[in-house]
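Following: one structure in structure tokens, then a few remarks.
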Amino acid sequence: MSQTTHAQAQPGRLRIPLVLLLCGWALPALADELKDTGAGLEEITVTAQRRTESLQVVPISISAITGDSLDNLGIKRFSEYASMVPNLSVGSGAGSGGAGTGFGVSTTKTITIRGVFGDNTTGVYLDDSPVPPSMDPRLLELDRVEVLRGPQGTLFGAGSMGGTVRYVARDASTDRASGKVEAEGSYVDRGGGGYSVNATLNVPLVADNVALRVSALSAFDPGLFTRTWGGPLDPRSPILPFPPGGAPVGEKKHVGDEQDTGVMASLHLTPEVVPGLTVTPLFIYQKSSSNGYPLADYTANNFAQTRPLDVPEAVGDTWNFESLTVKQELGFGRFIVLGNHFYRDGYDLEDTTDANAVVFWGLPYYVPAPIVDHLYFRDWTGEARFESTFQGPVQFVSGVYWSQEDRFYHQYYNAPGFNVATGGVYGTDLTFLQNTPNADRQRAAYADVTYQATRALEFSAGVRLAHLEHDGTYVASGPLNGGVSSDYAAHSENDKAPRFTGKYQLSADHMVYASAAKGFRIGGTNPYVPPQCGPALASLGITNGNEFKSDSLWSYELGLKSSWMDGRIKTRVAVYDIEWKNTQHTVVLPCEWSIVANVGSTSSRGFELEIDAAPIEHLTVNVSTGYEDAKVTQASQESDTIEGQPLQNTPRWTAATTLQYSIPLGERTGFVMGQYTYTDSRVSYNDSPTGLSLPAYSLVNLRAGFNQGPWQAALFVKNLFNTLGVTGDLLPDGAQLPDRPRLFVTRPRTIGIQIRRDF
């Protein structure tokens, strides 16, 4: 797009959000004509500002859903809820780098909010403790999920440039013994049968003082793909001879299945000897394993993975989380001290047989080439803060934060037969080996002050001051590395994240707010790439092992939150403008290694609109939509981008509508639910610097059942019309075969039954 066209488009783009802001006030007025025959909507409270507040008065664009609503909708994973959240998308990121361009599928999931994409741009918290964004727990007994859009660095740190996702776990209750047992059976098109069984038990151990809550889960999702080897390949694949003597022929069905097991336990202690003291230990363990990559080759409807040789792929992900939170309530506020430990073992085995032969070496025939990856991740976090509850007009939150992340990345790339196929030139079948220990450390102090100027007018200002450090050693060997290398690099910097907010309560039911906030992300160092990458680095003006800069953005937001008809309709609308400088961008070099470089600048402008309504008795309606225009506004030579280029995996439009209707049936209550979600087209640069277009898609889900006393039974259909939408593509760990993307696809039509018993 030329500069002239870009400038001409600006007024129209700005006009749309302003109209939507007015609609957030005017549209619900039509509901005044509806008969007021039902109760109001459920009041949702959040702790987005480190204090308990109603969703409707928080001066942040925020989506939230309670744990009970997640249960009613049959949502088991964050990715299912994500489709209901405007201007949020889940895709695959760049990973760790190395012999190829990524780690694989187990630890590269990324969350993009408002077009702010990439590693460490969205903060993910379990209660008050940060966890890796790629973690998708399906076990948690949740009180609610919160999605905070816009920079949250003041209160949540360097990983929250685009926003923050918070999983808030249910606390153990000292009131009474309770629990539930839930079983689900399902059948997925092309895959077959799956199941999920989970149970929760809450037990008061000491009356009013000590309670234990324990949950356990086992779940299986069948694989959808059939992997064949040794026979005819897909005609779009490069065709080379098989090894001398030929290759065995075979197939494996149901590739990409997933088995999950886990347990969660928490204690709630309120000792009588210390009034106001609450101690909460929490432990979670989850293990996931798969017999292959759940990826379609070339097109979304291709469920056949044709391979030259029998090199099975596999995925494993095991993690445990332990935390301890201590709260002391006082008459003027509360002190909170918490610490947590997170450990993760991610394992990927990727088949790169065809790419190894065609891209790396130009071999005369195929030889097996599996890449084995292990990523060990350990994180220690500590925080201490004070949250005031003063009687006067001034309140504040202040605290100190400390974290230590240690990662060890090990890659083993062995190709049996490589030595013979290359005429013994290299004298080995081990083409590449690397070990990359690296660490990030963060020390920070923050404060946020709120001043109630009048009963209607409130101002707040806060800042986070942080010192960040990164260091790592890159050790590699093998012919693909051009010999042995061992390099150490370090990077450190000081950053700050201010935030300013003003809100005005127009009336008891209508609030308008404006904010300006800064987000930041630490820079770092690139691993040293082998000699064959030298010409590509030179063409981009980059030195081997160079540092990349930190990036930061400013976000400006204007929002309106309103309630109508005695709380039976609630609306939230926000418009924003994000200006992002020195944007970190993953560049895939022609030699198939990847590095991180800084784009000159990018911008993202858009809006969100959410409406919750109970227009008639027994009916609730939730509508959300978002628009974002996110693109490169100034390109740099080393980033390999062009001005006007859309940002990675950012749909212009997202939308969702959910309708739930309850039906009184005497002693029973029936219910029906329908849900529609829409995700606009996106562009991914994992496959090509010019971008791979990911088409728009929409999904329809249905659910119906009844409640009778402690029992609930439900029938459901997910993806009613069997839509095969592309949610993302894999950045391979080996090499990208020309014009052969591997695609993540929406799960085909799934039907099932769920039975739950509460006690």
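Labels used: A, B, ... for chains in the order of the structure tokens, numbers from 1 for residues in each chain, and numbers from 1 for ligands as shown.
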Q. Could you name the residues that touch region 648-657 of chain A at 8 Å or less, counting only C-alpha atoms, but leaving out those on the same chain fewer than 4 positions away, as a ChimeraX atom specification?
A. /A:83-89,91,112,114-115,117,621-630,675-685,728
Q: Find the residues near Tyr293 (chain A): any atom within 8 Å, counting only C-alpha atoms, skip ones fewer than 5 places away on the same chain, and give them as a list in words.
A: Val105, Val255, Gly256, Glu313, Ala314 and Val315 of chain A
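What separates CA of Gly606 (chain A) from CA of Pro646 (chain A) is a distance of 13.8 Å.
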Q: Mind the document's chain letters and residue numbers, and return as a ChimeraX atom specification the residues of region 97-275 of chain A that DSSP labels alpha helix (DSSP H).
A: /A:153-156
Can you write just those residues out, C-alpha atoms, as a PDB file, in the first residue's frame?
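The resulting file, part16.pdb, is reproduced below:
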```pdb
ATOM      1  CA  GLY A 153       2.922  -3.932  32.728  1.00  0.00           C
ATOM      2  CA  THR A 154       2.420  -1.608  35.720  1.00  0.00           C
ATOM      3  CA  LEU A 155       0.864  -4.340  37.847  1.00  0.00           C
ATOM      4  CA  PHE A 156       1.789  -7.490  35.904  1.00  0.00           C
TER       5      PHE A 156
END
```
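The spacing separating CA of Val145 (chain A) from CA of Gly67 (chain A) amounts to 7.5 Å.
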Q.
Taking 2 positions as the minimum chain separation for residues in the same chain, which residues sit within 6 Å of region 382-394 of chain A when counting only C-alpha atoms? Answer as an NGL selection string.
A. :A and (332-339 or 396-402 or 450-452)
N, CA and C atoms of the current selection, written as a tab-separated table (two decimals), in the first residue's frame:
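Once written, again.tsv looks like this:
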```tsv
chain	number	residue	atom	x	y	z
A	332	PHE	N	-6.80	-1.26	57.62
A	332	PHE	CA	-6.55	-0.24	56.61
A	332	PHE	C	-6.05	-0.83	55.29
A	333	GLY	N	-6.05	-2.17	55.18
A	333	GLY	CA	-5.58	-2.79	53.95
A	333	GLY	C	-5.15	-4.22	54.19
A	334	ARG	N	-4.42	-4.75	53.23
A	334	ARG	CA	-3.94	-6.13	53.37
A	334	ARG	C	-2.53	-6.24	52.81
A	335	PHE	N	-1.73	-7.05	53.47
A	335	PHE	CA	-0.40	-7.42	52.98
A	335	PHE	C	-0.49	-8.80	52.34
A	336	ILE	N	0.15	-8.96	51.19
A	336	ILE	CA	0.15	-10.24	50.49
A	336	ILE	C	1.59	-10.59	50.13
A	337	VAL	N	2.00	-11.78	50.49
A	337	VAL	CA	3.31	-12.31	50.14
A	337	VAL	C	3.08	-13.65	49.45
A	338	LEU	N	3.70	-13.84	48.30
A	338	LEU	CA	3.50	-15.10	47.59
A	338	LEU	C	4.79	-15.52	46.91
A	339	GLY	N	4.89	-16.81	46.70
A	339	GLY	CA	6.01	-17.38	45.97
A	339	GLY	C	5.54	-18.59	45.21
A	396	PHE	N	-4.02	2.96	47.29
A	396	PHE	CA	-2.86	2.61	46.48
A	396	PHE	C	-2.53	1.13	46.61
A	397	VAL	N	-1.83	0.64	45.60
A	397	VAL	CA	-1.26	-0.71	45.59
A	397	VAL	C	0.22	-0.54	45.30
A	398	SER	N	1.06	-1.17	46.08
A	398	SER	CA	2.50	-1.09	45.83
A	398	SER	C	3.13	-2.42	46.19
A	399	GLY	N	4.24	-2.73	45.50
A	399	GLY	CA	4.88	-4.00	45.78
A	399	GLY	C	6.23	-4.12	45.13
A	400	VAL	N	6.87	-5.24	45.43
A	400	VAL	CA	8.15	-5.60	44.83
A	400	VAL	C	8.00	-7.00	44.23
A	401	TYR	N	8.79	-7.25	43.19
A	401	TYR	CA	8.65	-8.49	42.42
A	401	TYR	C	10.03	-9.01	42.06
A	402	TRP	N	10.14	-10.34	42.03
A	402	TRP	CA	11.41	-10.98	41.68
A	402	TRP	C	11.11	-12.26	40.91
A	450	THR	N	-4.68	5.71	43.39
A	450	THR	CA	-5.99	6.14	42.91
A	450	THR	C	-6.51	7.26	43.79
A	451	TYR	N	-7.00	8.31	43.13
A	451	TYR	CA	-7.53	9.47	43.86
A	451	TYR	C	-8.97	9.70	43.44
A	452	GLN	N	-9.89	9.65	44.42
A	452	GLN	CA	-11.32	9.91	44.19
A	452	GLN	C	-11.54	11.41	44.35
```
Fewer than 3 positions away in the same chain doesn't count, so skip those; otherwise give me all residues within 12 Å of Glu592 (chain A), counting only C-alpha atoms, as a PDB file with C-alpha atoms, in the first residue's frame.
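Contents of out31.pdb, freshly written:
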```
ATOM      1  CA  GLY A  97      15.389 -21.541  17.351  1.00  0.00           C
ATOM      2  CA  GLY A  98      18.266 -23.846  16.632  1.00  0.00           C
ATOM      3  CA  ALA A  99      18.893 -26.231  13.762  1.00  0.00           C
ATOM      4  CA  GLY A 100      15.672 -25.025  12.307  1.00  0.00           C
ATOM      5  CA  THR A 101      13.256 -22.315  13.152  1.00  0.00           C
ATOM      6  CA  GLY A 102      11.163 -23.429  16.083  1.00  0.00           C
ATOM      7  CA  ALA A 355      13.285 -31.472   4.268  1.00  0.00           C
ATOM      8  CA  ASN A 356      16.677 -32.825   5.365  1.00  0.00           C
ATOM      9  CA  VAL A 359      16.665 -28.391   1.690  1.00  0.00           C
ATOM     10  CA  PHE A 360      19.784 -29.050   3.738  1.00  0.00           C
ATOM     11  CA  LEU A 480      25.063 -28.770   9.725  1.00  0.00           C
ATOM     12  CA  ASN A 481      26.677 -26.342  12.178  1.00  0.00           C
ATOM     13  CA  VAL A 529      24.260 -19.400  13.211  1.00  0.00           C
ATOM     14  CA  PRO A 530      26.531 -21.596  11.019  1.00  0.00           C
ATOM     15  CA  GLN A 532      26.302 -21.028   5.455  1.00  0.00           C
ATOM     16  CA  CYS A 533      24.055 -18.305   6.891  1.00  0.00           C
ATOM     17  CA  ALA A 536      21.981 -13.911   4.416  1.00  0.00           C
ATOM     18  CA  VAL A 587      13.192 -13.683  10.560  1.00  0.00           C
ATOM     19  CA  VAL A 588      13.599 -17.050   8.817  1.00  0.00           C
ATOM     20  CA  LEU A 589      16.879 -16.927   6.895  1.00  0.00           C
ATOM     21  CA  ILE A 595      16.936 -14.923  14.263  1.00  0.00           C
ATOM     22  CA  ASN A 686       6.063 -18.925   9.402  1.00  0.00           C
ATOM     23  CA  ASP A 687       5.922 -20.469   5.921  1.00  0.00           C
ATOM     24  CA  SER A 688       7.150 -17.568   3.807  1.00  0.00           C
ATOM     25  CA  LEU A 731       7.131 -23.064  12.156  1.00  0.00           C
ATOM     26  CA  PRO A 732       9.150 -26.273  11.629  1.00  0.00           C
ATOM     27  CA  ASP A 733      12.016 -27.229  13.835  1.00  0.00           C
ATOM     28  CA  GLY A 734      13.968 -28.676  10.940  1.00  0.00           C
ATOM     29  CA  ALA A 735      13.392 -26.806   7.693  1.00  0.00           C
ATOM     30  CA  GLN A 736      10.404 -25.454   5.841  1.00  0.00           C
ATOM     31  CA  LEU A 737       9.808 -27.595   2.774  1.00  0.00           C
ATOM     32  CA  PRO A 738       9.030 -25.200  -0.094  1.00  0.00           C
TER      33      PRO A 738
END
```
Q: Tell me which of A:Lys76, A:Arg740, A:Arg407, A:Arg572 sits closest to Ile60 (chain A), counting only C-alpha atoms.
A: A:Arg572
Q: Please indicate the distance in Å from CA of Asn301 (chain A) to CA of Arg742 (chain A), rounded to one decimal place.
A: 11.6 Å
Q. DSSP on the backbone: what in region 211-413 of chain A comes out strand (DSSP E), as a ChimeraX atom specification?
A. /A:211-221,225-229,250-255,258-269,277-290,296-297,304-307,314-330,333-351,370-388,394-413
For region 688-717 of chain A against region 180-195 of chain A, with a cut-off of 10 Å and counting only C-alpha atoms, what is the closest atom pair and its distance in Å to one decimal for every residue that makes the cut, ordered by chain and number, as JSON lines?
```
{"residue": "A:Pro710", "atom": "CA", "partner": "A:Lys180", "partner_atom": "CA", "distance": 9.1}
{"residue": "A:Trp711", "atom": "CA", "partner": "A:Lys180", "partner_atom": "CA", "distance": 9.7}
{"residue": "A:Gln712", "atom": "CA", "partner": "A:Glu182", "partner_atom": "CA", "distance": 9.3}
{"residue": "A:Ala713", "atom": "CA", "partner": "A:Glu182", "partner_atom": "CA", "distance": 9.8}
{"residue": "A:Ala714", "atom": "CA", "partner": "A:Glu184", "partner_atom": "CA", "distance": 9.4}
{"residue": "A:Leu715", "atom": "CA", "partner": "A:Ser186", "partner_atom": "CA", "distance": 9.7}
{"residue": "A:Phe716", "atom": "CA", "partner": "A:Ser186", "partner_atom": "CA", "distance": 8.9}
{"residue": "A:Val717", "atom": "CA", "partner": "A:Ser186", "partner_atom": "CA", "distance": 9.3}
```
Q) Any idea what's packed within 7 Å of Trp319 (chain A), counting only C-alpha atoms, ignoring anything in its chain fewer than 3 positions away? Could you give it as a ChimeraX atom specification? A) /A:285-287,343-345
Selected residues, C-alpha atoms, written as a PDB file, in the first residue's frame, please.
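This went into selection.pdb:
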```pdb
ATOM      1  CA  TYR A 285       0.450 -31.481  38.071  1.00  0.00           C
ATOM      2  CA  GLN A 286      -0.475 -32.213  34.463  1.00  0.00           C
ATOM      3  CA  LYS A 287       0.933 -34.586  31.857  1.00  0.00           C
ATOM      4  CA  TYR A 343       8.768 -26.745  36.234  1.00  0.00           C
ATOM      5  CA  ARG A 344       8.127 -27.935  32.708  1.00  0.00           C
ATOM      6  CA  ASP A 345       9.544 -30.693  30.517  1.00  0.00           C
TER       7      ASP A 345
END
```
Using only C-alpha atoms, I'd like a table of the residues in region 109-165 of chain A that come within 12 Å of region 538-553 of chain A; for each, show the closest atom pair and its distance in Å rounded to one decimal, ordered by chain and ascending number, as a tab-separated table.
```
residue	atom	partner	partner_atom	distance
A:Gly115	CA	A:Leu553	CA	11.9
A:Val116	CA	A:Leu553	CA	9.5
A:Gly118	CA	A:Asp551	CA	11.5
A:Asp119	CA	A:Asp551	CA	12.0
A:Asn120	CA	A:Asp551	CA	11.2
A:Thr121	CA	A:Ser552	CA	10.2
A:Gly150	CA	A:Leu553	CA	10.1
A:Pro151	CA	A:Leu553	CA	8.3
A:Gln152	CA	A:Leu553	CA	11.5
A:Gly153	CA	A:Ser552	CA	10.6
A:Ala158	CA	A:Ser552	CA	9.7
A:Gly159	CA	A:Ser552	CA	11.1
A:Ser160	CA	A:Ser552	CA	10.8
A:Met161	CA	A:Leu553	CA	7.4
A:Gly162	CA	A:Leu553	CA	9.0
A:Gly163	CA	A:Leu553	CA	11.9
```
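When only C-alpha atoms are used to compute distances to Phe744 (chain A), the closest of the residues A:Val367, A:Val90, A:Ala597, A:Val279 turns out to be A:Val90.
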**Q.** Close residues, Asp127 (chain A) itself excluded, 12 Å, only C-alpha atoms, min 6 positions apart in chain, as a PyMOL selection string
**A.** chain A and resi 46-48+50+140-146+156+164-171+280-282+321-325+338-340
Go ahead and write the selection's residues with N, CA and C atoms as a PDB file, in the first residue's frame.
```
ATOM      1  N   VAL A  46     -14.003  -8.944  39.478  1.00  0.00           N
ATOM      2  CA  VAL A  46     -12.663  -9.260  38.993  1.00  0.00           C
ATOM      3  C   VAL A  46     -11.642  -8.593  39.908  1.00  0.00           C
ATOM      4  N   THR A  47     -10.403  -9.007  39.746  1.00  0.00           N
ATOM      5  CA  THR A  47      -9.305  -8.410  40.525  1.00  0.00           C
ATOM      6  C   THR A  47      -8.218  -7.908  39.580  1.00  0.00           C
ATOM      7  N   ALA A  48      -8.652  -7.320  38.476  1.00  0.00           N
ATOM      8  CA  ALA A  48      -7.724  -6.863  37.447  1.00  0.00           C
ATOM      9  C   ALA A  48      -6.795  -5.769  37.940  1.00  0.00           C
ATOM     10  N   ARG A  50      -5.789  -5.568  41.146  1.00  0.00           N
ATOM     11  CA  ARG A  50      -5.296  -6.064  42.443  1.00  0.00           C
ATOM     12  C   ARG A  50      -6.244  -5.724  43.584  1.00  0.00           C
ATOM     13  N   LEU A 140      -7.960 -27.226  35.640  1.00  0.00           N
ATOM     14  CA  LEU A 140      -8.223 -26.319  36.744  1.00  0.00           C
ATOM     15  C   LEU A 140      -9.685 -26.189  37.123  1.00  0.00           C
ATOM     16  N   GLU A 141      -9.923 -26.215  38.420  1.00  0.00           N
ATOM     17  CA  GLU A 141     -11.204 -25.841  38.995  1.00  0.00           C
ATOM     18  C   GLU A 141     -11.198 -24.321  39.113  1.00  0.00           C
ATOM     19  N   LEU A 142     -11.817 -23.648  38.140  1.00  0.00           N
ATOM     20  CA  LEU A 142     -11.667 -22.202  38.059  1.00  0.00           C
ATOM     21  C   LEU A 142     -12.833 -21.469  38.693  1.00  0.00           C
ATOM     22  N   ASP A 143     -12.504 -20.394  39.387  1.00  0.00           N
ATOM     23  CA  ASP A 143     -13.529 -19.450  39.822  1.00  0.00           C
ATOM     24  C   ASP A 143     -13.915 -18.539  38.663  1.00  0.00           C
ATOM     25  N   ARG A 144     -12.917 -18.168  37.840  1.00  0.00           N
ATOM     26  CA  ARG A 144     -13.186 -17.341  36.664  1.00  0.00           C
ATOM     27  C   ARG A 144     -11.919 -17.252  35.808  1.00  0.00           C
ATOM     28  N   VAL A 145     -12.110 -16.760  34.594  1.00  0.00           N
ATOM     29  CA  VAL A 145     -11.010 -16.404  33.690  1.00  0.00           C
ATOM     30  C   VAL A 145     -11.174 -14.932  33.354  1.00  0.00           C
ATOM     31  N   GLU A 146     -10.090 -14.179  33.414  1.00  0.00           N
ATOM     32  CA  GLU A 146     -10.103 -12.767  33.057  1.00  0.00           C
ATOM     33  C   GLU A 146      -9.147 -12.538  31.884  1.00  0.00           C
ATOM     34  N   PHE A 156       1.515  -6.101  36.246  1.00  0.00           N
ATOM     35  CA  PHE A 156       1.789  -7.490  35.904  1.00  0.00           C
ATOM     36  C   PHE A 156       3.109  -7.712  35.174  1.00  0.00           C
ATOM     37  N   THR A 164      -3.196  -9.328  29.457  1.00  0.00           N
ATOM     38  CA  THR A 164      -2.942 -10.360  30.452  1.00  0.00           C
ATOM     39  C   THR A 164      -4.137 -11.302  30.520  1.00  0.00           C
ATOM     40  N   VAL A 165      -3.844 -12.597  30.589  1.00  0.00           N
ATOM     41  CA  VAL A 165      -4.852 -13.624  30.817  1.00  0.00           C
ATOM     42  C   VAL A 165      -4.647 -14.162  32.225  1.00  0.00           C
ATOM     43  N   ARG A 166      -5.730 -14.216  33.003  1.00  0.00           N
ATOM     44  CA  ARG A 166      -5.632 -14.669  34.388  1.00  0.00           C
ATOM     45  C   ARG A 166      -6.587 -15.834  34.628  1.00  0.00           C
ATOM     46  N   TYR A 167      -6.011 -16.968  35.076  1.00  0.00           N
ATOM     47  CA  TYR A 167      -6.806 -18.085  35.561  1.00  0.00           C
ATOM     48  C   TYR A 167      -6.892 -17.942  37.081  1.00  0.00           C
ATOM     49  N   VAL A 168      -8.092 -17.795  37.606  1.00  0.00           N
ATOM     50  CA  VAL A 168      -8.276 -17.652  39.046  1.00  0.00           C
ATOM     51  C   VAL A 168      -8.916 -18.939  39.560  1.00  0.00           C
ATOM     52  N   ALA A 169      -8.163 -19.688  40.362  1.00  0.00           N
ATOM     53  CA  ALA A 169      -8.620 -20.994  40.823  1.00  0.00           C
ATOM     54  C   ALA A 169      -9.634 -20.855  41.957  1.00  0.00           C
ATOM     55  N   ARG A 170     -10.535 -21.823  42.054  1.00  0.00           N
ATOM     56  CA  ARG A 170     -11.474 -21.870  43.169  1.00  0.00           C
ATOM     57  C   ARG A 170     -10.715 -22.192  44.449  1.00  0.00           C
ATOM     58  N   ASP A 171     -11.061 -21.469  45.486  1.00  0.00           N
ATOM     59  CA  ASP A 171     -10.432 -21.679  46.784  1.00  0.00           C
ATOM     60  C   ASP A 171     -11.162 -22.795  47.519  1.00  0.00           C
ATOM     61  N   THR A 280      -2.596 -20.037  51.772  1.00  0.00           N
ATOM     62  CA  THR A 280      -3.143 -20.888  50.705  1.00  0.00           C
ATOM     63  C   THR A 280      -2.017 -21.556  49.924  1.00  0.00           C
ATOM     64  N   PRO A 281      -1.691 -22.808  50.237  1.00  0.00           N
ATOM     65  CA  PRO A 281      -0.779 -23.574  49.378  1.00  0.00           C
ATOM     66  C   PRO A 281      -1.566 -24.181  48.209  1.00  0.00           C
ATOM     67  N   LEU A 282      -0.925 -24.269  47.045  1.00  0.00           N
ATOM     68  CA  LEU A 282      -1.562 -24.818  45.851  1.00  0.00           C
ATOM     69  C   LEU A 282      -0.562 -25.680  45.097  1.00  0.00           C
ATOM     70  N   PHE A 321       3.251 -27.177  39.209  1.00  0.00           N
ATOM     71  CA  PHE A 321       3.194 -25.809  39.709  1.00  0.00           C
ATOM     72  C   PHE A 321       2.906 -25.865  41.198  1.00  0.00           C
ATOM     73  N   GLU A 322       3.739 -25.164  41.977  1.00  0.00           N
ATOM     74  CA  GLU A 322       3.516 -25.069  43.417  1.00  0.00           C
ATOM     75  C   GLU A 322       3.570 -23.602  43.814  1.00  0.00           C
ATOM     76  N   SER A 323       2.627 -23.192  44.632  1.00  0.00           N
ATOM     77  CA  SER A 323       2.626 -21.809  45.094  1.00  0.00           C
ATOM     78  C   SER A 323       2.180 -21.743  46.543  1.00  0.00           C
ATOM     79  N   LEU A 324       2.581 -20.670  47.195  1.00  0.00           N
ATOM     80  CA  LEU A 324       2.176 -20.394  48.572  1.00  0.00           C
ATOM     81  C   LEU A 324       1.835 -18.916  48.663  1.00  0.00           C
ATOM     82  N   THR A 325       0.601 -18.627  49.077  1.00  0.00           N
ATOM     83  CA  THR A 325       0.136 -17.247  49.204  1.00  0.00           C
ATOM     84  C   THR A 325      -0.259 -16.986  50.649  1.00  0.00           C
ATOM     85  N   LEU A 338       3.696 -13.840  48.303  1.00  0.00           N
ATOM     86  CA  LEU A 338       3.499 -15.101  47.590  1.00  0.00           C
ATOM     87  C   LEU A 338       4.788 -15.522  46.911  1.00  0.00           C
ATOM     88  N   GLY A 339       4.888 -16.808  46.699  1.00  0.00           N
ATOM     89  CA  GLY A 339       6.013 -17.377  45.970  1.00  0.00           C
ATOM     90  C   GLY A 339       5.543 -18.594  45.209  1.00  0.00           C
ATOM     91  N   ASN A 340       6.159 -18.854  44.079  1.00  0.00           N
ATOM     92  CA  ASN A 340       5.769 -20.044  43.333  1.00  0.00           C
ATOM     93  C   ASN A 340       6.960 -20.649  42.609  1.00  0.00           C
TER      94      ASN A 340
END
```
